[in-house]
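Accompanying notes for the structure given below.
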Amino acid sequence: MAKAKKDNDWNLAPAPESTGHVKIDKKYDLFIGGKFVPPTAKKYFETVNPATEKILSQVAEAGQKDVDKAVKAARKAYDTVWSKMPPVERSKYIFRIARLIQERAREFAIIESIDGGKPIRESRDVDVPLAAAHFFYHAGWADKLNYAFPNAEVSSLGVVGQIIPWNFPLLMAAWKIAPALACGNTVVLKPAETTPLTALKLAELFMDAGLPDGVVNIITGAGSTGQALVEHSDIDKIAFTGSTQVGKMIKRSLAGKSTRLTLELGGKAANIIFEDSAIDQAVEGVVNGIYFNQGHVCCAGSRLFVEESISSEFIRKLKHRMDHLILGDPLDKNTDIGAINSEGQLNTIQSYLEAGEKDGFEMYQSNVAVPKKGFWCRPTLFTHVSQSSVISKEEIFGPVLAMQTFRTIDEVIDKANNTPYGLSAGVWTDKGSKIFNLTTKLKAGVVWANTFNKFDPTSPFGGYKESGFGREGGLHGLSAYLKITG
Ligand code: NAP
Ligand code: MG
């Protein structure tokens, strides 16, 4: 392994976000029918701060009976209140939720960073504002669905089961809940085991917003809780974001049923750099695409393709930038790279680092100091990897970049599309014609040009191939929560 020659020479004073105003309870129950209720089996699991390994709270584990209670509460709320309410009234609740998220933005950002390990800069500037934006956007549609789909009859689906991962806990909850409510459905949501706290805070916020009981129910637990939700007989739609492996299991278990399904799954995005690009900006775009947020992004630019003529210069600049990234306390406002979400995920990433080294590829890791406690991974670059290697084929979900070079456009299109995934891609070039050529030929749901990882509630997001089906955001996302006829 090639090591960086020098240590990070920046010496910034610590700038930690204050946490005095944030309240995390010692124990959280299940949010069912508008109130917190203990789980039937009285079982709880721990959620930890991955930056310190300290236990933050005990969280209820929902069993089959609890899942059934939550679905019944959602059905009752659908039949008696939410589906009967004039859309303009539903819209007011969703606007209120959006405003309350804005009011409590700091609290949400801090809890997101403490529970999941992501830098406060990311949770404060990306996750929380985008979560509020999703509620605002969908609140606006709630009473205008006939205009969204003119000349068609639209109606709600009923009770929706939603299962989300740990990388954007609050944002994924917003992506799921906001369109479901706007379209008149009620919800049972299962957050990920390692990051349940912001969803539970959201439950408190729903109570403060006066949302009618049972319209949103939040049930915490492990994979088996998600499975019980998928297998429940009174669910009209399942919306899942997570791994391709679990997505396939869900599709199998719903085969033969009329339950609607959307799947947002994994990715192995290509980030393509042409020699005519603004190289310094492209380096920053690559860093943003894979290292910020620890690579815990489904659409992370984890495969880098650099035109051969600039590859030495690009690698030199990228390594230089990697050496100056700040890794550490997620609550410090200077931090670029926070903690890996869990010990299990760190072990997975480490096994990929070993696989890359075993395959004989050159591995470069920036020489940043790593805290003694907690789960951490230095930003890592593998150069000149082969197309068939494990590290360029499989989703690592960590700050690990696999780089290749190319000589022609056709070659890079072939290489970029040579993956079972198809969630996102990036193109860096000075030429608009190249951008249009590639956006039509890359098999990816989103293609960013001269930028990366940009999101907006008006823009549909979703994948091709094994990255899933269905879209979230925009009119396409809305249509996934409606029956549209005529
Ligand atoms: P995961 O293991 O598939 O888990 C996702 C969610 O499903 C969690 O809530 C999980 O509970 C639950 N779950 C696990 N087994 C289940 C089962 N048999 N039936 C029903 N639910 C089950 O994925 P992850 O490792 O947490 O998340 C990372 C993955 O999500 C990556 O592959 C990433 O690419 C993908 N992702 C995709 C998008 C997108 O929009 N396309 C966005 C974010 C993440 P536990 O937490 O208790 O295991
Ligand atoms: Mg946690």
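Chain labels run A, B, ... following the order of the structure tokens; each chain numbers its residues from 1, and ligands are numbered from 1 in the order shown.
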
List all protein, DNA and RNA residues that have an atom no more than 6 Å from any atom of ligand 1, counting only C-alpha atoms and all ligand atoms, and report them as a tab-separated table (two decimals) with N, CA, C and O atoms, in the first residue's frame.
chain	number	residue	atom	x	y	z
A	163	ILE	N	-40.11	0.88	4.26
A	163	ILE	CA	-38.91	0.37	4.95
A	163	ILE	C	-37.70	1.15	4.43
A	163	ILE	O	-37.51	1.26	3.21
A	164	ILE	N	-36.91	1.70	5.34
A	164	ILE	CA	-35.82	2.60	4.92
A	164	ILE	C	-34.46	2.19	5.52
A	164	ILE	O	-34.42	1.52	6.55
A	165	PRO	N	-33.36	2.62	4.88
A	165	PRO	CA	-32.02	2.25	5.35
A	165	PRO	C	-31.42	3.30	6.29
A	165	PRO	O	-32.07	4.30	6.62
A	166	TRP	N	-30.15	3.07	6.64
A	166	TRP	CA	-29.51	3.89	7.67
A	166	TRP	C	-28.69	5.07	7.13
A	166	TRP	O	-28.13	5.84	7.90
A	167	ASN	N	-28.57	5.20	5.83
A	167	ASN	CA	-27.64	6.24	5.35
A	167	ASN	C	-28.23	7.65	5.31
A	167	ASN	O	-27.51	8.63	5.47
A	190	LYS	N	-40.89	1.58	8.84
A	190	LYS	CA	-39.85	0.94	9.66
A	190	LYS	C	-38.49	1.54	9.35
A	190	LYS	O	-37.95	1.34	8.26
A	191	PRO	N	-37.91	2.29	10.30
A	191	PRO	CA	-36.55	2.80	10.07
A	191	PRO	C	-35.50	1.71	10.26
A	191	PRO	O	-35.82	0.62	10.74
A	192	ALA	N	-34.26	2.00	9.92
A	192	ALA	CA	-33.19	1.01	10.07
A	192	ALA	C	-32.82	0.87	11.55
A	192	ALA	O	-32.94	1.80	12.33
A	193	GLU	N	-32.33	-0.32	11.86
A	193	GLU	CA	-32.01	-0.68	13.24
A	193	GLU	C	-30.96	0.25	13.86
A	193	GLU	O	-31.03	0.58	15.04
A	221	GLY	N	-37.27	-1.82	14.77
A	221	GLY	CA	-36.93	-3.23	14.88
A	221	GLY	C	-35.88	-3.60	13.85
A	221	GLY	O	-35.35	-2.72	13.16
A	222	ALA	N	-35.60	-4.89	13.76
A	222	ALA	CA	-34.57	-5.35	12.83
A	222	ALA	C	-35.21	-5.82	11.53
A	222	ALA	O	-36.37	-5.50	11.24
A	223	GLY	N	-34.45	-6.59	10.75
A	223	GLY	CA	-34.95	-7.07	9.46
A	223	GLY	C	-36.26	-7.85	9.59
A	223	GLY	O	-37.14	-7.75	8.73
A	224	SER	N	-36.40	-8.61	10.70
A	224	SER	CA	-37.61	-9.43	10.86
A	224	SER	C	-38.85	-8.56	11.00
A	224	SER	O	-39.94	-8.96	10.57
A	226	GLY	N	-39.24	-5.69	9.44
A	226	GLY	CA	-39.51	-5.29	8.05
A	226	GLY	C	-40.21	-6.42	7.30
A	226	GLY	O	-41.18	-6.20	6.57
A	227	GLN	N	-39.72	-7.63	7.54
A	227	GLN	CA	-40.30	-8.80	6.86
A	227	GLN	C	-41.77	-8.99	7.26
A	227	GLN	O	-42.62	-9.25	6.41
A	241	THR	N	-36.47	1.07	0.43
A	241	THR	CA	-35.14	1.54	0.03
A	241	THR	C	-34.13	0.76	0.84
A	241	THR	O	-34.21	0.72	2.07
A	242	GLY	N	-33.18	0.15	0.15
A	242	GLY	CA	-32.17	-0.64	0.86
A	242	GLY	C	-31.34	-1.43	-0.13
A	242	GLY	O	-31.19	-1.03	-1.29
A	243	SER	N	-30.85	-2.56	0.33
A	243	SER	CA	-29.93	-3.32	-0.52
A	243	SER	C	-30.67	-4.12	-1.59
A	243	SER	O	-31.85	-4.48	-1.42
A	244	THR	N	-29.99	-4.42	-2.67
A	244	THR	CA	-30.56	-5.21	-3.76
A	244	THR	C	-30.93	-6.60	-3.25
A	244	THR	O	-31.97	-7.15	-3.61
A	246	VAL	N	-31.97	-7.58	-0.20
A	246	VAL	CA	-33.25	-7.59	0.53
A	246	VAL	C	-34.39	-7.22	-0.43
A	246	VAL	O	-35.49	-7.79	-0.36
A	264	GLU	N	-36.05	0.96	-4.28
A	264	GLU	CA	-34.89	1.82	-4.53
A	264	GLU	C	-33.69	1.08	-3.94
A	264	GLU	O	-33.58	0.99	-2.71
A	265	LEU	N	-32.81	0.58	-4.78
A	265	LEU	CA	-31.79	-0.36	-4.27
A	265	LEU	C	-30.37	0.20	-4.42
A	265	LEU	O	-30.17	1.40	-4.42
A	266	GLY	N	-29.43	-0.68	-4.55
A	266	GLY	CA	-28.03	-0.27	-4.52
A	266	GLY	C	-27.54	0.38	-5.80
A	266	GLY	O	-28.30	0.55	-6.76
A	267	GLY	N	-26.27	0.75	-5.81
A	267	GLY	CA	-25.69	1.37	-7.01
A	267	GLY	C	-24.18	1.21	-7.04
A	267	GLY	O	-23.55	0.80	-6.05
A	298	CYS	N	-26.19	5.66	-1.77
A	298	CYS	CA	-26.51	4.64	-2.78
A	298	CYS	C	-26.03	5.07	-4.16
A	298	CYS	O	-25.65	4.25	-4.99

**Item:** Spatial neighbours of A:Ala70, 8 Å, only C-alpha atoms, chain gap at least 6 places, as a list in words
**Value:**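 In the requested form, the answer reads Ile32, Gly33, Val188, Gly214, Asn217, Ile218 and Ile219 of chain A.
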
Suppose we keep C-alpha atoms; can you now write the selection as a JSON list (two decimals), in the first residue's frame?
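Saved result, result29.json, follows:
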[["chain", "number", "residue", "atom", "x", "y", "z"],
["A", 32, "ILE", "CA", -48.82, 3.38, 16.96],
["A", 33, "GLY", "CA", -52.24, 5.04, 16.71],
["A", 188, "VAL", "CA", -46.51, 2.25, 8.66],
["A", 214, "GLY", "CA", -52.77, 6.41, 13.10],
["A", 217, "ASN", "CA", -47.15, 4.78, 12.58],
["A", 218, "ILE", "CA", -43.45, 4.18, 13.25],
["A", 219, "ILE", "CA", -42.32, 0.72, 14.24]]

**Asked** Which residues form the shell of 9 Å around ligand 2 when you count only C-alpha atoms and all ligand atoms, given as a VMD selection string?
**Response** chain A and resid 46 to 50 53 55 to 57 112 114 to 117 166 193 to 197 341 to 342

**Prompt:** For A:Glu204, which residue among A:Lys23, A:Met249, A:Glu394, A:Lys441 is the nearest when counting only C-alpha atoms?
**Reply:**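 Nearest to A:Glu204: A:Lys23.
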
**Request:** Just the helix (DSSP H, G or I) stuff from stretch 98-346 of chain A, please, per backbone DSSP, written as a ChimeraX atom specification.
**Result:** /A:98-103,105-116,120-142,145-148,169-182,197-208,223-231,244-254,279-290,292-295,308-323,343-346

**Prompt:** Quick one: of A:Ile24, A:Ile409, A:Val400, A:Val385, who's nearest to A:Thr429, counting only C-alpha atoms?
**Reply:** A:Ile409

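The protein and nucleic acid residues lying at most 9 Å from stretch 318-320 of chain A are Ala4, Asp280, Val283, Glu284, Val286, Val287, Glu313, Phe314, Ile315, Asp323, His324, Tyr364, Gln365, Ser366 and Leu381 of chain A, with only C-alpha atoms considered and sequence neighbours fewer than 3 positions away removed.
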
Okay, now the selection with N, CA, C and O atoms, as a PDB file, in the first residue's frame?
ATOM      1  N   ALA A   4       0.465   8.088   2.268  1.00  0.00           N
ATOM      2  CA  ALA A   4       0.702   9.517   2.093  1.00  0.00           C
ATOM      3  C   ALA A   4       1.968   9.880   2.839  1.00  0.00           C
ATOM      4  O   ALA A   4       2.259   9.329   3.892  1.00  0.00           O
ATOM      5  N   ASP A 280      -9.731  20.833 -11.483  1.00  0.00           N
ATOM      6  CA  ASP A 280      -9.812  21.043 -10.027  1.00  0.00           C
ATOM      7  C   ASP A 280     -11.246  20.848  -9.524  1.00  0.00           C
ATOM      8  O   ASP A 280     -11.471  20.239  -8.480  1.00  0.00           O
ATOM      9  N   VAL A 283     -11.998  17.166  -9.465  1.00  0.00           N
ATOM     10  CA  VAL A 283     -11.414  16.506  -8.283  1.00  0.00           C
ATOM     11  C   VAL A 283     -12.350  16.704  -7.097  1.00  0.00           C
ATOM     12  O   VAL A 283     -12.681  15.759  -6.371  1.00  0.00           O
ATOM     13  N   GLU A 284     -12.822  17.937  -6.921  1.00  0.00           N
ATOM     14  CA  GLU A 284     -13.725  18.221  -5.800  1.00  0.00           C
ATOM     15  C   GLU A 284     -15.038  17.435  -5.949  1.00  0.00           C
ATOM     16  O   GLU A 284     -15.595  16.945  -4.966  1.00  0.00           O
ATOM     17  N   VAL A 286     -15.385  14.555  -7.419  1.00  0.00           N
ATOM     18  CA  VAL A 286     -15.106  13.143  -7.104  1.00  0.00           C
ATOM     19  C   VAL A 286     -15.063  12.951  -5.589  1.00  0.00           C
ATOM     20  O   VAL A 286     -15.637  12.002  -5.043  1.00  0.00           O
ATOM     21  N   VAL A 287     -14.402  13.895  -4.899  1.00  0.00           N
ATOM     22  CA  VAL A 287     -14.311  13.828  -3.433  1.00  0.00           C
ATOM     23  C   VAL A 287     -15.713  13.893  -2.825  1.00  0.00           C
ATOM     24  O   VAL A 287     -16.079  13.110  -1.944  1.00  0.00           O
ATOM     25  N   GLU A 313      -2.001  13.468 -13.803  1.00  0.00           N
ATOM     26  CA  GLU A 313      -2.271  14.749 -13.135  1.00  0.00           C
ATOM     27  C   GLU A 313      -3.478  14.611 -12.194  1.00  0.00           C
ATOM     28  O   GLU A 313      -3.473  15.097 -11.059  1.00  0.00           O
ATOM     29  N   PHE A 314      -4.499  13.903 -12.684  1.00  0.00           N
ATOM     30  CA  PHE A 314      -5.716  13.768 -11.885  1.00  0.00           C
ATOM     31  C   PHE A 314      -5.440  12.989 -10.594  1.00  0.00           C
ATOM     32  O   PHE A 314      -5.857  13.386  -9.509  1.00  0.00           O
ATOM     33  N   ILE A 315      -4.696  11.901 -10.723  1.00  0.00           N
ATOM     34  CA  ILE A 315      -4.395  11.079  -9.533  1.00  0.00           C
ATOM     35  C   ILE A 315      -3.583  11.909  -8.529  1.00  0.00           C
ATOM     36  O   ILE A 315      -3.839  11.889  -7.327  1.00  0.00           O
ATOM     37  N   ASP A 323      -5.444  13.940   1.120  1.00  0.00           N
ATOM     38  CA  ASP A 323      -4.593  14.140   2.291  1.00  0.00           C
ATOM     39  C   ASP A 323      -5.051  15.302   3.159  1.00  0.00           C
ATOM     40  O   ASP A 323      -4.577  15.465   4.278  1.00  0.00           O
ATOM     41  N   HIS A 324      -5.901  16.159   2.605  1.00  0.00           N
ATOM     42  CA  HIS A 324      -6.337  17.324   3.372  1.00  0.00           C
ATOM     43  C   HIS A 324      -7.777  17.228   3.833  1.00  0.00           C
ATOM     44  O   HIS A 324      -8.337  18.195   4.349  1.00  0.00           O
ATOM     45  N   TYR A 364      -4.180   3.482  -2.082  1.00  0.00           N
ATOM     46  CA  TYR A 364      -3.674   4.702  -1.445  1.00  0.00           C
ATOM     47  C   TYR A 364      -4.678   5.162  -0.401  1.00  0.00           C
ATOM     48  O   TYR A 364      -5.867   5.307  -0.697  1.00  0.00           O
ATOM     49  N   GLN A 365      -4.192   5.361   0.823  1.00  0.00           N
ATOM     50  CA  GLN A 365      -5.075   5.894   1.860  1.00  0.00           C
ATOM     51  C   GLN A 365      -4.473   7.169   2.414  1.00  0.00           C
ATOM     52  O   GLN A 365      -3.276   7.226   2.664  1.00  0.00           O
ATOM     53  N   SER A 366      -5.294   8.185   2.595  1.00  0.00           N
ATOM     54  CA  SER A 366      -4.746   9.421   3.161  1.00  0.00           C
ATOM     55  C   SER A 366      -4.339   9.146   4.598  1.00  0.00           C
ATOM     56  O   SER A 366      -4.906   8.293   5.268  1.00  0.00           O
ATOM     57  N   LEU A 381      -8.208   5.055  -2.214  1.00  0.00           N
ATOM     58  CA  LEU A 381      -8.257   5.055  -3.683  1.00  0.00           C
ATOM     59  C   LEU A 381      -7.500   3.836  -4.213  1.00  0.00           C
ATOM     60  O   LEU A 381      -6.335   3.623  -3.862  1.00  0.00           O
TER      61      LEU A 381
END

**Those in stretch 239-460 of chain A with strand (DSSP E) from DSSP, as number ranges by chain** = A: 239-241, 260-264, 270-273, 303-307, 362-365, 380-383, 400-406, 424-428, 446-449

Please save C-alpha atoms of the selected residues as a PDB file, in the first residue's frame.
ATOM      1  CA  ALA A 239     -42.050   1.097  -0.686  1.00  0.00           C
ATOM      2  CA  PHE A 240     -38.539  -0.131   0.093  1.00  0.00           C
ATOM      3  CA  THR A 241     -35.143   1.543   0.027  1.00  0.00           C
ATOM      4  CA  ARG A 260     -47.949  -2.545  -5.222  1.00  0.00           C
ATOM      5  CA  LEU A 261     -44.166  -2.342  -4.911  1.00  0.00           C
ATOM      6  CA  THR A 262     -41.411   0.192  -5.526  1.00  0.00           C
ATOM      7  CA  LEU A 263     -37.762  -0.640  -4.866  1.00  0.00           C
ATOM      8  CA  GLU A 264     -34.888   1.818  -4.528  1.00  0.00           C
ATOM      9  CA  ALA A 270     -19.542   5.801 -12.743  1.00  0.00           C
ATOM     10  CA  ASN A 271     -17.973   9.251 -12.419  1.00  0.00           C
ATOM     11  CA  ILE A 272     -16.397  10.048 -15.807  1.00  0.00           C
ATOM     12  CA  ILE A 273     -13.700  12.711 -16.219  1.00  0.00           C
ATOM     13  CA  ARG A 303     -16.205   3.955  -9.939  1.00  0.00           C
ATOM     14  CA  LEU A 304     -13.932   6.644 -11.346  1.00  0.00           C
ATOM     15  CA  PHE A 305     -13.087   6.737 -15.071  1.00  0.00           C
ATOM     16  CA  VAL A 306     -10.383   9.236 -16.077  1.00  0.00           C
ATOM     17  CA  GLU A 307      -9.288   9.936 -19.651  1.00  0.00           C
ATOM     18  CA  GLU A 362      -2.371  -0.175  -5.718  1.00  0.00           C
ATOM     19  CA  MET A 363      -4.190   1.163  -2.683  1.00  0.00           C
ATOM     20  CA  TYR A 364      -3.674   4.702  -1.445  1.00  0.00           C
ATOM     21  CA  GLN A 365      -5.075   5.894   1.860  1.00  0.00           C
ATOM     22  CA  THR A 380      -9.149   5.134   0.021  1.00  0.00           C
ATOM     23  CA  LEU A 381      -8.257   5.055  -3.683  1.00  0.00           C
ATOM     24  CA  PHE A 382      -7.495   1.973  -5.772  1.00  0.00           C
ATOM     25  CA  THR A 383      -5.858   2.935  -9.060  1.00  0.00           C
ATOM     26  CA  VAL A 400     -13.473   3.596  -1.308  1.00  0.00           C
ATOM     27  CA  LEU A 401     -12.909   4.597  -4.926  1.00  0.00           C
ATOM     28  CA  ALA A 402     -12.008   2.176  -7.747  1.00  0.00           C
ATOM     29  CA  MET A 403     -10.320   3.960 -10.648  1.00  0.00           C
ATOM     30  CA  GLN A 404      -9.797   3.017 -14.300  1.00  0.00           C
ATOM     31  CA  THR A 405      -8.659   4.961 -17.352  1.00  0.00           C
ATOM     32  CA  PHE A 406     -10.163   5.170 -20.853  1.00  0.00           C
ATOM     33  CA  SER A 424     -26.629   7.321 -11.144  1.00  0.00           C
ATOM     34  CA  ALA A 425     -23.586   8.580 -13.047  1.00  0.00           C
ATOM     35  CA  GLY A 426     -21.502  11.742 -13.416  1.00  0.00           C
ATOM     36  CA  VAL A 427     -19.888  13.348 -16.453  1.00  0.00           C
ATOM     37  CA  TRP A 428     -17.209  16.071 -16.293  1.00  0.00           C
ATOM     38  CA  VAL A 446     -29.760  10.141 -12.826  1.00  0.00           C
ATOM     39  CA  VAL A 447     -26.795  11.544 -14.764  1.00  0.00           C
ATOM     40  CA  TRP A 448     -25.147  14.615 -13.269  1.00  0.00           C
ATOM     41  CA  ALA A 449     -23.074  16.887 -15.482  1.00  0.00           C
TER      42      ALA A 449
END
